[in-house]
>>> print(open('target.pdb').read())   # PDB, C-alpha atoms
MODEL        1
ATOM      1  CA  PRO Z   1      74.144 154.550  91.076
ATOM      2  CA  ILE Z   2      73.947 151.966  88.322
ATOM      3  CA  PRO Z   3      70.294 150.958  87.815
ATOM      4  CA  THR Z   4      69.581 147.417  88.928
ATOM      5  CA  CYS Z   5      67.788 146.743  85.630
ATOM      6  CA  VAL Z   6      70.964 147.473  83.668
ATOM      7  CA  LEU Z   7      73.117 145.274  85.895
ATOM      8  CA  ALA Z   8      70.594 142.448  85.665
ATOM      9  CA  ALA Z   9      70.465 142.736  81.908
ATOM     10  CA  VAL Z  10      74.244 142.666  81.532
ATOM     11  CA  LYS Z  11      74.562 139.586  83.729
ATOM     12  CA  CYS Z  12      72.065 137.755  81.522
ATOM     13  CA  PHE Z  13      74.526 137.528  78.649
ATOM     14  CA  PRO Z  14      77.088 134.733  78.931
ATOM     15  CA  HIS Z  15      78.962 135.854  75.804
ATOM     16  CA  LEU Z  16      80.390 138.818  77.710
ATOM     17  CA  PRO Z  17      84.005 138.298  78.859
ATOM     18  CA  ILE Z  18      84.158 136.556  82.228
ATOM     19  CA  ARG Z  19      86.049 139.473  83.749
ATOM     20  CA  LEU Z  20      83.036 141.682  83.032
ATOM     21  CA  ARG Z  21      80.593 139.225  84.603
ATOM     22  CA  ALA Z  22      82.565 138.290  87.683
ATOM     23  CA  THR Z  23      81.006 140.658  90.210
ATOM     24  CA  ASP Z  24      78.464 143.434  90.528
ATOM     25  CA  LYS Z  25      81.379 145.763  91.245
ATOM     26  CA  ALA Z  26      83.074 144.853  87.981
ATOM     27  CA  LEU Z  27      79.847 145.433  86.090
ATOM     28  CA  SER Z  28      79.270 148.726  87.849
ATOM     29  CA  ASN Z  29      82.761 149.904  86.976
ATOM     30  CA  LEU Z  30      82.273 148.876  83.365
ATOM     31  CA  LEU Z  31      79.065 150.831  83.049
ATOM     32  CA  ARG Z  32      80.392 153.865  84.887
ATOM     33  CA  ARG Z  33      83.347 154.043  82.503
ATOM     34  CA  ASN Z  34      81.344 153.604  79.323
ATOM     35  CA  LEU Z  35      77.777 154.778  79.865
ATOM     36  CA  THR Z  36      75.867 157.788  81.057
ATOM     37  CA  THR Z  37      73.610 155.885  83.432
ATOM     38  CA  ALA Z  38      72.702 158.299  86.231
ATOM     39  CA  ARG Z  39      69.632 159.317  84.254
ATOM     40  CA  TYR Z  40      69.176 156.056  82.405
ATOM     41  CA  ARG Z  41      65.420 155.935  82.719
ATOM     42  CA  GLN Z  42      65.058 159.532  81.550
ATOM     43  CA  THR Z  43      67.662 159.344  78.760
ATOM     44  CA  PRO Z  44      66.520 157.274  75.754
ATOM     45  CA  ALA Z  45      69.651 158.378  73.902
ATOM     46  CA  ALA Z  46      71.702 156.182  76.252
ATOM     47  CA  LEU Z  47      69.919 153.031  75.118
ATOM     48  CA  PRO Z  48      72.010 152.347  71.993
ATOM     49  CA  ARG Z  49      75.226 152.552  74.048
ATOM     50  CA  ILE Z  50      73.846 150.229  76.709
ATOM     51  CA  LEU Z  51      72.585 147.724  74.160
ATOM     52  CA  SER Z  52      75.888 147.759  72.294
ATOM     53  CA  ILE Z  53      77.336 146.034  75.376
ATOM     54  CA  ILE Z  54      74.491 143.701  76.303
ATOM     55  CA  MET Z  55      72.930 143.147  72.873
ATOM     56  CA  LEU Z  56      73.827 144.596  69.466
ATOM     57  CA  SER Z  57      74.911 147.997  68.211
ATOM     58  CA  SER Z  58      72.479 150.362  66.517
ATOM     59  CA  THR Z  59      74.420 149.848  63.284
ATOM     60  CA  GLN Z  60      73.879 146.086  63.463
ATOM     61  CA  LEU Z  61      70.185 146.507  64.244
ATOM     62  CA  ASN Z  62      69.825 148.950  61.346
ATOM     63  CA  THR Z  63      71.485 146.436  59.035
ATOM     64  CA  MET Z  64      69.072 143.680  60.035
ATOM     65  CA  PHE Z  65      65.998 145.867  59.624
ATOM     66  CA  GLN Z  66      67.211 147.066  56.211
ATOM     67  CA  LEU Z  67      67.759 143.489  55.071
ATOM     68  CA  GLN Z  68      64.420 142.282  56.411
ATOM     69  CA  ALA Z  69      62.469 145.164  54.885
ATOM     70  CA  GLY Z  70      64.241 144.534  51.586
ATOM     71  CA  MET Z  71      63.413 140.831  51.592
ATOM     72  CA  ASN Z  72      59.796 141.505  52.557
ATOM     73  CA  PHE Z  73      59.553 143.926  49.622
ATOM     74  CA  ARG Z  74      61.107 141.340  47.310
ATOM     75  CA  VAL Z  75      58.415 138.842  48.353
ATOM     76  CA  ASP Z  76      55.582 141.394  48.071
ATOM     77  CA  PRO Z  77      56.045 145.116  47.306
ATOM     78  CA  ASN Z  78      52.810 145.753  49.238
ATOM     79  CA  TRP Z  79      53.800 143.731  52.298
ATOM     80  CA  THR Z  80      52.979 146.489  54.801
ATOM     81  CA  GLU Z  81      49.414 146.700  53.449
ATOM     82  CA  ALA Z  82      49.083 142.915  53.261
ATOM     83  CA  LYS Z  83      49.772 142.626  57.013
ATOM     84  CA  TYR Z  84      50.947 139.041  56.911
ATOM     85  CA  PRO Z  85      50.622 137.092  60.209
ATOM     86  CA  TYR Z  86      54.320 137.014  61.065
ATOM     87  CA  LEU Z  87      53.703 135.915  64.654
ATOM     88  CA  ARG Z  88      51.834 132.883  63.326
ATOM     89  CA  ALA Z  89      55.047 131.967  61.540
ATOM     90  CA  VAL Z  90      56.901 132.444  64.837
ATOM     91  CA  VAL Z  91      54.547 129.940  66.493
ATOM     92  CA  ILE Z  92      55.226 127.321  63.805
ATOM     93  CA  GLU Z  93      59.006 127.850  63.871
ATOM     94  CA  ALA Z  94      59.049 127.588  67.673
ATOM     95  CA  ALA Z  95      57.113 124.319  67.469
ATOM     96  CA  GLU Z  96      59.707 123.042  64.994
ATOM     97  CA  ALA Z  97      62.399 124.050  67.485
ATOM     98  CA  ILE Z  98      60.693 121.848  70.081
ATOM     99  CA  GLU Z  99      60.816 118.960  67.602
ATOM    100  CA  HIS Z 100      64.566 119.454  67.137
ATOM    101  CA  HIS Z 101      65.009 119.534  70.914
ATOM    102  CA  GLY Z 102      62.969 116.409  71.486
ATOM    103  CA  TRP Z 103      59.928 116.352  73.740
ATOM    104  CA  LYS Z 104      58.568 112.792  73.743
ATOM    105  CA  TRP Z 105      59.045 111.361  77.208
ATOM    106  CA  TRP Z 106      58.089 107.845  76.085
ATOM    107  CA  LYS Z 107      61.050 107.370  73.712
ATOM    108  CA  GLN Z 108      64.722 108.225  73.522
ATOM    109  CA  GLN Z 109      65.467 111.445  71.637
ATOM    110  CA  HIS Z 110      68.552 113.568  71.063
ATOM    111  CA  CYS Z 111      68.746 117.350  70.991
ATOM    112  CA  ASP Z 112      69.999 118.730  67.660
ATOM    113  CA  LEU Z 113      71.539 122.013  68.818
ATOM    114  CA  SER Z 114      72.593 123.269  65.391
ATOM    115  CA  GLN Z 115      69.067 122.826  64.039
ATOM    116  CA  LEU Z 116      67.660 124.503  67.131
ATOM    117  CA  GLN Z 117      69.855 127.537  66.477
ATOM    118  CA  MET Z 118      68.758 127.634  62.839
ATOM    119  CA  GLU Z 119      65.121 127.736  63.950
ATOM    120  CA  LEU Z 120      65.904 130.709  66.197
ATOM    121  CA  VAL Z 121      67.444 132.546  63.252
ATOM    122  CA  ASP Z 122      64.246 131.876  61.280
ATOM    123  CA  ILE Z 123      62.152 133.097  64.204
ATOM    124  CA  TRP Z 124      64.205 136.285  64.280
ATOM    125  CA  HIS Z 125      63.302 136.982  60.631
ATOM    126  CA  PHE Z 126      59.628 136.950  61.536
ATOM    127  CA  LEU Z 127      60.046 138.940  64.751
ATOM    128  CA  LEU Z 128      61.842 141.683  62.815
ATOM    129  CA  SER Z 129      59.059 141.624  60.223
ATOM    130  CA  GLU Z 130      56.381 141.966  62.902
ATOM    131  CA  ILE Z 131      58.228 144.863  64.533
ATOM    132  CA  LEU Z 132      58.582 146.568  61.150
ATOM    133  CA  LEU Z 133      54.886 146.011  60.451
ATOM    134  CA  ARG Z 134      53.858 147.568  63.765
ATOM    135  CA  ASN Z 135      55.937 150.611  62.856
ATOM    136  CA  GLY Z 136      54.528 151.032  59.366
ATOM    137  CA  GLY Z 137      57.677 149.691  57.732
ATOM    138  CA  ASP Z 138      59.766 152.555  59.153
ATOM    139  CA  GLU Z 139      63.179 151.061  59.935
ATOM    140  CA  GLU Z 140      64.334 153.787  62.331
ATOM    141  CA  ASN Z 141      61.146 153.607  64.392
ATOM    142  CA  ALA Z 142      61.387 149.810  64.362
ATOM    143  CA  ARG Z 143      64.912 149.929  65.767
ATOM    144  CA  THR Z 144      63.850 152.321  68.535
ATOM    145  CA  TYR Z 145      60.891 150.063  69.335
ATOM    146  CA  LEU Z 146      63.179 147.030  69.567
ATOM    147  CA  GLU Z 147      65.746 148.802  71.752
ATOM    148  CA  THR Z 148      63.227 150.176  74.246
ATOM    149  CA  THR Z 149      61.153 146.987  74.368
ATOM    150  CA  TYR Z 150      64.193 144.800  74.908
ATOM    151  CA  ALA Z 151      65.625 147.062  77.621
ATOM    152  CA  ARG Z 152      62.315 146.976  79.497
ATOM    153  CA  GLN Z 153      61.661 143.254  79.134
ATOM    154  CA  SER Z 154      65.196 142.063  79.874
ATOM    155  CA  ALA Z 155      65.184 144.022  83.133
ATOM    156  CA  ALA Z 156      62.180 142.089  84.451
ATOM    157  CA  ASP Z 157      62.650 139.016  86.616
ATOM    158  CA  ALA Z 158      59.344 137.453  85.621
ATOM    159  CA  LEU Z 159      56.859 137.330  82.754
ATOM    160  CA  ASN Z 160      53.180 138.086  83.303
ATOM    161  CA  PHE Z 161      50.957 136.122  80.936
ATOM    162  CA  ASP Z 162      47.420 134.808  81.017
ATOM    163  CA  GLY Z 163      46.878 136.034  84.553
ATOM    164  CA  GLN Z 164      49.957 134.285  85.906
ATOM    165  CA  GLU Z 165      53.514 135.298  86.696
ATOM    166  CA  TYR Z 166      56.287 133.084  85.356
ATOM    167  CA  ALA Z 167      59.843 133.108  86.695
ATOM    168  CA  LEU Z 168      61.751 132.452  83.491
ATOM    169  CA  GLY Z 169      64.936 131.600  85.358
ATOM    170  CA  GLU Z 170      63.224 128.490  86.698
ATOM    171  CA  PHE Z 171      62.165 127.212  83.256
ATOM    172  CA  ASP Z 172      64.010 124.673  81.150
ATOM    173  CA  LEU Z 173      64.374 125.215  77.413
ATOM    174  CA  LEU Z 174      61.220 123.309  76.461
ATOM    175  CA  GLU Z 175      59.156 125.331  78.931
ATOM    176  CA  LEU Z 176      60.616 128.560  77.549
ATOM    177  CA  LEU Z 177      59.742 127.557  73.985
ATOM    178  CA  GLN Z 178      56.236 126.518  74.991
ATOM    179  CA  THR Z 179      55.676 129.853  76.749
ATOM    180  CA  PHE Z 180      57.052 131.692  73.718
ATOM    181  CA  ILE Z 181      54.519 129.913  71.505
ATOM    182  CA  GLY Z 182      51.745 131.032  73.850
ATOM    183  CA  THR Z 183      52.782 134.681  73.968
ATOM    184  CA  SER Z 184      53.319 134.808  70.198
ATOM    185  CA  ALA Z 185      49.908 133.245  69.538
ATOM    186  CA  ALA Z 186      48.466 135.952  71.799
ATOM    187  CA  GLY Z 187      50.074 138.627  69.618
ATOM    188  CA  ARG Z 188      52.863 139.600  72.011
ATOM    189  CA  ILE Z 189      56.479 140.341  71.090
ATOM    190  CA  GLU Z 190      58.524 138.993  74.006
ATOM    191  CA  LEU Z 191      62.166 139.809  73.279
ATOM    192  CA  GLY Z 192      63.311 139.061  76.829
ATOM    193  CA  LEU Z 193      61.815 135.582  76.551
ATOM    194  CA  PHE Z 194      63.443 135.115  73.144
ATOM    195  CA  ALA Z 195      66.814 136.061  74.676
ATOM    196  CA  ALA Z 196      66.307 133.444  77.408
ATOM    197  CA  ILE Z 197      65.673 130.828  74.706
ATOM    198  CA  MET Z 198      68.838 131.922  72.902
ATOM    199  CA  ARG Z 199      70.861 131.390  76.061
ATOM    200  CA  GLY Z 200      69.348 127.932  76.417
ATOM    201  CA  CYS Z 201      70.511 127.170  72.872
ATOM    202  CA  SER Z 202      74.069 128.511  73.439
ATOM    203  CA  LEU Z 203      73.408 131.273  70.896
ATOM    204  CA  ASP Z 204      74.523 134.809  71.691
ATOM    205  CA  TRP Z 205      73.379 137.981  69.956
ATOM    206  CA  HIS Z 206      76.506 138.402  67.870
ATOM    207  CA  GLU Z 207      76.300 134.870  66.503
ATOM    208  CA  LEU Z 208      72.600 135.421  65.783
ATOM    209  CA  TYR Z 209      73.515 138.597  63.877
ATOM    210  CA  LYS Z 210      76.188 136.827  61.850
ATOM    211  CA  GLN Z 211      73.930 133.921  60.932
ATOM    212  CA  TYR Z 212      70.952 136.162  60.198
ATOM    213  CA  VAL Z 213      72.825 138.593  57.944
ATOM    214  CA  SER Z 214      74.664 135.803  56.154
ATOM    215  CA  LYS Z 215      71.460 133.940  55.350
ATOM    216  CA  ASN Z 216      69.816 137.127  54.081
ATOM    217  CA  VAL Z 217      72.780 138.035  51.903
ATOM    218  CA  LEU Z 218      72.813 134.575  50.343
ATOM    219  CA  ASN Z 219      69.060 134.746  49.727
ATOM    220  CA  PHE Z 220      69.439 138.102  47.965
ATOM    221  CA  PHE Z 221      72.398 136.767  45.989
ATOM    222  CA  ARG Z 222      70.337 133.823  44.807
ATOM    223  CA  GLN Z 223      67.483 136.073  43.737
ATOM    224  CA  ASP Z 224      69.880 138.406  41.895
ATOM    225  CA  HIS Z 225      71.391 135.493  39.966
ATOM    226  CA  GLY Z 226      68.332 133.745  38.605
ATOM    227  CA  TYR Z 227      66.926 131.738  41.498
ATOM    228  CA  GLN Z 228      63.323 132.314  40.419
ATOM    229  CA  ASP Z 229      63.802 131.570  36.725
ATOM    230  CA  GLY Z 230      65.948 128.496  37.379
ATOM    231  CA  THR Z 231      69.259 129.777  35.987
ATOM    232  CA  TYR Z 232      71.002 130.007  39.355
ATOM    233  CA  LYS Z 233      73.813 127.508  39.941
ATOM    234  CA  LYS Z 234      73.603 126.155  43.485
ATOM    235  CA  MET Z 235      76.790 124.100  43.083
ATOM    236  CA  TRP Z 236      79.944 126.231  42.880
ATOM    237  CA  ASN Z 237      82.972 124.219  41.767
ATOM    238  CA  GLU Z 238      81.382 121.053  43.163
ATOM    239  CA  ARG Z 239      80.467 122.724  46.458
ATOM    240  CA  GLU Z 240      77.014 123.829  47.576
ATOM    241  CA  ASP Z 241      76.569 127.583  48.005
ATOM    242  CA  ASN Z 242      75.895 127.158  51.733
ATOM    243  CA  GLU Z 243      79.353 125.636  52.178
ATOM    244  CA  VAL Z 244      80.968 128.554  50.374
ATOM    245  CA  LEU Z 245      78.958 130.958  52.510
ATOM    246  CA  VAL Z 246      80.327 129.481  55.737
ATOM    247  CA  GLU Z 247      83.870 129.622  54.387
ATOM    248  CA  VAL Z 248      83.837 133.259  53.247
ATOM    249  CA  MET Z 249      81.846 134.394  56.272
ATOM    250  CA  ALA Z 250      84.660 133.188  58.532
ATOM    251  CA  THR Z 251      87.074 135.644  56.882
ATOM    252  CA  LEU Z 252      85.023 138.728  57.794
ATOM    253  CA  ASP Z 253      84.303 140.756  60.914
ATOM    254  CA  ALA Z 254      80.560 140.494  61.490
ATOM    255  CA  ALA Z 255      80.620 143.666  63.611
ATOM    256  CA  SER Z 256      81.876 145.768  60.695
ATOM    257  CA  PRO Z 257      79.355 148.164  59.085
ATOM    258  CA  THR Z 258      80.483 146.790  55.693
ATOM    259  CA  PHE Z 259      79.922 143.135  56.634
ATOM    260  CA  LYS Z 260      76.927 142.470  54.392
ATOM    261  CA  ASP Z 261      78.388 144.284  51.375
ATOM    262  CA  SER Z 262      81.765 142.588  51.761
ATOM    263  CA  LEU Z 263      80.080 139.210  52.093
ATOM    264  CA  TYR Z 264      78.054 139.784  48.925
ATOM    265  CA  GLY Z 265      81.225 140.765  47.071
ATOM    266  CA  LEU Z 266      83.050 137.623  48.161
ATOM    267  CA  LEU Z 267      80.093 135.474  47.111
ATOM    268  CA  GLU Z 268      80.094 137.194  43.735
ATOM    269  CA  ALA Z 269      83.807 136.481  43.269
ATOM    270  CA  ALA Z 270      83.418 132.823  44.272
ATOM    271  CA  TYR Z 271      80.356 132.349  42.037
ATOM    272  CA  ASN Z 272      82.177 133.673  38.973
ATOM    273  CA  GLN Z 273      85.267 131.501  39.395
TER     274      GLN Z 273
ENDMDL
END
>>> encode(input="target.pdb", output="structure tokens")
Amino acid sequence: PIPTCVLAAVKCFPHLPIRLRATDKALSNLLRRNLTTARYRQTPAALPRILSIIMLSSTQLNTMFQLQAGMNFRVDPNWTEAKYPYLRAVVIEAAEAIEHHGWKWWKQQHCDLSQLQMELVDIWHFLLSEILLRNGGDEENARTYLETTYARQSAADALNFDGQEYALGEFDLLELLQTFIGTSAAGRIELGLFAAIMRGCSLDWHELYKQYVSKNVLNFFRQDHGYQDGTYKKMWNEREDNEVLVEVMATLDAASPTFKDSLYGLLEAAYNQ
């Protein structure tokens, strides 16, 4: 039989095609055709295949950890020894996300969804850094940690925190963000809770991957072309580099293993025009 935890996890992701989310039977058939699930709990090797459907592929996760480790090294070659408080940064970014949502009940406010999504991408940078730090900077171990932690947490119906049990499905987006701040301040990595926040912000994993990798590639490109010494040109033919990034990114397949390298190459070509 298909484990209930796998079915529950798959149904959590609205970016899956509707035909794959329609019924438990459809989900069961999908998993039976594509996954070795009879021994799911005893077969860690099955996790990457499961997560490739409900989250991201191992290749995509490897790419993100490589980029994050590289950027951390660029900031400080001794970043693993420095043990920076990455979860503190998560707390601050999540609070900024609340500001973009609007929380003041005594005045009219409007939710800025695009800015909310950008804050989640920033949060993801720091979550990856914290996971890398807890695994001594080892990218392979970090990926395994993320896969197993996410599979376990996304299968749960509730979150236990501070002596209480919270049914996340009953929370609105502000309550999810507030809870995420609390768990992060307590030193916990709650990937299932982060996924619930993503869904509340209409952000799926593949869009998160595309935005995350693109921002990292641009940051590396800037550093490689004189950002620190002031020789970098942020305006390319009267357009800001962020605008060019969005344009060239749209021409590429974010799921491709060569996505980041191809994106860097296109940025290089546009910069030199």
>>> closest_residue(input="target.pdb", among="Z:Val244, Z:Ala255, Z:Leu218, Z:Ile189", to="Leu56 of chain Z", atoms="all atoms listed in the file")
Z:Ala255
>>> resolve_selection(input="target.pdb", expression="the PyMOL selection byres ((chain Z and resi 94-99) around 12)", output="PyMOL selection string")
chain Z and resi 87-93+100-104+109-124+126-127+172-185+194+197-198+200-201
>>> closest_residue(input="target.pdb", among="Z:Phe161, Z:Phe259, Z:Tyr166, Z:Tyr232", to="Thr59 of chain Z", atoms="all atoms listed in the file")
Z:Phe259
>>> atom_distance(input="target.pdb", atom1="atom CA of Val213 of chain Z", atom2="atom CA of Leu128 of chain Z")
12.4 Å
>>> closest_residue(input="target.pdb", among="Z:Glu170, Z:Asp229, Z:Asp224, Z:Asp162", to="Glu268 of chain Z", atoms="all atoms listed in the file")
Z:Asp224
>>> closest_residue(input="target.pdb", among="Z:Trp236, Z:Asn141, Z:Tyr209, Z:Asn135", to="Ser256 of chain Z", atoms="all atoms listed in the file")
Z:Tyr209
>>> decode(input="target.pdb", residues="segment 101-131 of chain Z", atoms="N, CA and C atoms", output="PDB file, in the first residue's frame")
ATOM      1  N   HIS Z 101       3.006  41.708   4.118  1.00  0.00           N
ATOM      2  CA  HIS Z 101       1.634  41.188   4.115  1.00  0.00           C
ATOM      3  C   HIS Z 101       0.665  42.231   4.644  1.00  0.00           C
ATOM      4  N   GLY Z 102       1.114  42.926   5.688  1.00  0.00           N
ATOM      5  CA  GLY Z 102       0.224  43.845   6.396  1.00  0.00           C
ATOM      6  C   GLY Z 102      -0.372  43.149   7.607  1.00  0.00           C
ATOM      7  N   TRP Z 103      -0.251  43.783   8.763  1.00  0.00           N
ATOM      8  CA  TRP Z 103      -0.717  43.143   9.996  1.00  0.00           C
ATOM      9  C   TRP Z 103      -1.462  44.101  10.928  1.00  0.00           C
ATOM     10  N   LYS Z 104      -1.484  45.375  10.588  1.00  0.00           N
ATOM     11  CA  LYS Z 104      -2.087  46.375  11.476  1.00  0.00           C
ATOM     12  C   LYS Z 104      -3.598  46.410  11.287  1.00  0.00           C
ATOM     13  N   TRP Z 105      -4.299  45.963  12.303  1.00  0.00           N
ATOM     14  CA  TRP Z 105      -5.759  45.863  12.205  1.00  0.00           C
ATOM     15  C   TRP Z 105      -6.440  47.222  12.320  1.00  0.00           C
ATOM     16  N   TRP Z 106      -5.703  48.258  12.733  1.00  0.00           N
ATOM     17  CA  TRP Z 106      -6.315  49.562  12.942  1.00  0.00           C
ATOM     18  C   TRP Z 106      -6.201  50.487  11.724  1.00  0.00           C
ATOM     19  N   LYS Z 107      -5.620  49.979  10.619  1.00  0.00           N
ATOM     20  CA  LYS Z 107      -5.520  50.792   9.410  1.00  0.00           C
ATOM     21  C   LYS Z 107      -5.601  49.897   8.180  1.00  0.00           C
ATOM     22  N   GLN Z 108      -5.959  50.487   7.066  1.00  0.00           N
ATOM     23  CA  GLN Z 108      -6.047  49.722   5.828  1.00  0.00           C
ATOM     24  C   GLN Z 108      -4.652  49.437   5.282  1.00  0.00           C
ATOM     25  N   GLN Z 109      -4.408  48.184   4.923  1.00  0.00           N
ATOM     26  CA  GLN Z 109      -3.132  47.775   4.349  1.00  0.00           C
ATOM     27  C   GLN Z 109      -3.383  46.817   3.191  1.00  0.00           C
ATOM     28  N   HIS Z 110      -2.413  46.741   2.284  1.00  0.00           N
ATOM     29  CA  HIS Z 110      -2.537  45.865   1.132  1.00  0.00           C
ATOM     30  C   HIS Z 110      -1.367  44.885   1.109  1.00  0.00           C
ATOM     31  N   CYS Z 111      -1.675  43.650   0.797  1.00  0.00           N
ATOM     32  CA  CYS Z 111      -0.647  42.608   0.721  1.00  0.00           C
ATOM     33  C   CYS Z 111       0.152  42.756  -0.573  1.00  0.00           C
ATOM     34  N   ASP Z 112       1.473  42.824  -0.446  1.00  0.00           N
ATOM     35  CA  ASP Z 112       2.369  42.900  -1.600  1.00  0.00           C
ATOM     36  C   ASP Z 112       2.930  41.501  -1.840  1.00  0.00           C
ATOM     37  N   LEU Z 113       2.260  40.730  -2.688  1.00  0.00           N
ATOM     38  CA  LEU Z 113       2.604  39.317  -2.866  1.00  0.00           C
ATOM     39  C   LEU Z 113       4.004  39.133  -3.450  1.00  0.00           C
ATOM     40  N   SER Z 114       4.376  39.947  -4.409  1.00  0.00           N
ATOM     41  CA  SER Z 114       5.697  39.786  -5.023  1.00  0.00           C
ATOM     42  C   SER Z 114       6.805  40.008  -4.003  1.00  0.00           C
ATOM     43  N   GLN Z 115       6.640  40.999  -3.127  1.00  0.00           N
ATOM     44  CA  GLN Z 115       7.637  41.236  -2.093  1.00  0.00           C
ATOM     45  C   GLN Z 115       7.647  40.116  -1.052  1.00  0.00           C
ATOM     46  N   LEU Z 116       6.469  39.586  -0.772  1.00  0.00           N
ATOM     47  CA  LEU Z 116       6.389  38.437   0.133  1.00  0.00           C
ATOM     48  C   LEU Z 116       7.197  37.265  -0.416  1.00  0.00           C
ATOM     49  N   GLN Z 117       7.043  36.979  -1.699  1.00  0.00           N
ATOM     50  CA  GLN Z 117       7.773  35.880  -2.317  1.00  0.00           C
ATOM     51  C   GLN Z 117       9.272  36.126  -2.284  1.00  0.00           C
ATOM     52  N   MET Z 118       9.684  37.374  -2.496  1.00  0.00           N
ATOM     53  CA  MET Z 118      11.107  37.702  -2.442  1.00  0.00           C
ATOM     54  C   MET Z 118      11.672  37.456  -1.050  1.00  0.00           C
ATOM     55  N   GLU Z 119      10.894  37.743  -0.022  1.00  0.00           N
ATOM     56  CA  GLU Z 119      11.352  37.490   1.348  1.00  0.00           C
ATOM     57  C   GLU Z 119      11.525  35.993   1.584  1.00  0.00           C
ATOM     58  N   LEU Z 120      10.645  35.178   1.002  1.00  0.00           N
ATOM     59  CA  LEU Z 120      10.778  33.730   1.161  1.00  0.00           C
ATOM     60  C   LEU Z 120      12.038  33.221   0.488  1.00  0.00           C
ATOM     61  N   VAL Z 121      12.379  33.789  -0.656  1.00  0.00           N
ATOM     62  CA  VAL Z 121      13.622  33.405  -1.333  1.00  0.00           C
ATOM     63  C   VAL Z 121      14.819  33.765  -0.445  1.00  0.00           C
ATOM     64  N   ASP Z 122      14.779  34.931   0.188  1.00  0.00           N
ATOM     65  CA  ASP Z 122      15.853  35.317   1.102  1.00  0.00           C
ATOM     66  C   ASP Z 122      15.924  34.379   2.304  1.00  0.00           C
ATOM     67  N   ILE Z 123      14.758  34.017   2.831  1.00  0.00           N
ATOM     68  CA  ILE Z 123      14.721  33.073   3.949  1.00  0.00           C
ATOM     69  C   ILE Z 123      15.362  31.750   3.548  1.00  0.00           C
ATOM     70  N   TRP Z 124      15.099  31.315   2.324  1.00  0.00           N
ATOM     71  CA  TRP Z 124      15.633  30.043   1.858  1.00  0.00           C
ATOM     72  C   TRP Z 124      17.159  30.064   1.823  1.00  0.00           C
ATOM     73  N   HIS Z 125      17.757  31.203   1.464  1.00  0.00           N
ATOM     74  CA  HIS Z 125      19.217  31.329   1.513  1.00  0.00           C
ATOM     75  C   HIS Z 125      19.735  30.984   2.907  1.00  0.00           C
ATOM     76  N   PHE Z 126      19.087  31.531   3.914  1.00  0.00           N
ATOM     77  CA  PHE Z 126      19.574  31.337   5.280  1.00  0.00           C
ATOM     78  C   PHE Z 126      19.248  29.941   5.817  1.00  0.00           C
ATOM     79  N   LEU Z 127      18.128  29.372   5.402  1.00  0.00           N
ATOM     80  CA  LEU Z 127      17.832  27.996   5.801  1.00  0.00           C
ATOM     81  C   LEU Z 127      18.864  27.029   5.222  1.00  0.00           C
ATOM     82  N   LEU Z 128      19.202  27.213   3.946  1.00  0.00           N
ATOM     83  CA  LEU Z 128      20.232  26.365   3.337  1.00  0.00           C
ATOM     84  C   LEU Z 128      21.561  26.522   4.068  1.00  0.00           C
ATOM     85  N   SER Z 129      21.894  27.754   4.435  1.00  0.00           N
ATOM     86  CA  SER Z 129      23.147  28.004   5.148  1.00  0.00           C
ATOM     87  C   SER Z 129      23.158  27.307   6.506  1.00  0.00           C
ATOM     88  N   GLU Z 130      22.032  27.362   7.207  1.00  0.00           N
ATOM     89  CA  GLU Z 130      21.951  26.707   8.517  1.00  0.00           C
ATOM     90  C   GLU Z 130      22.068  25.194   8.372  1.00  0.00           C
ATOM     91  N   ILE Z 131      21.426  24.638   7.357  1.00  0.00           N
ATOM     92  CA  ILE Z 131      21.516  23.192   7.132  1.00  0.00           C
ATOM     93  C   ILE Z 131      22.944  22.797   6.786  1.00  0.00           C
TER      94      ILE Z 131
END
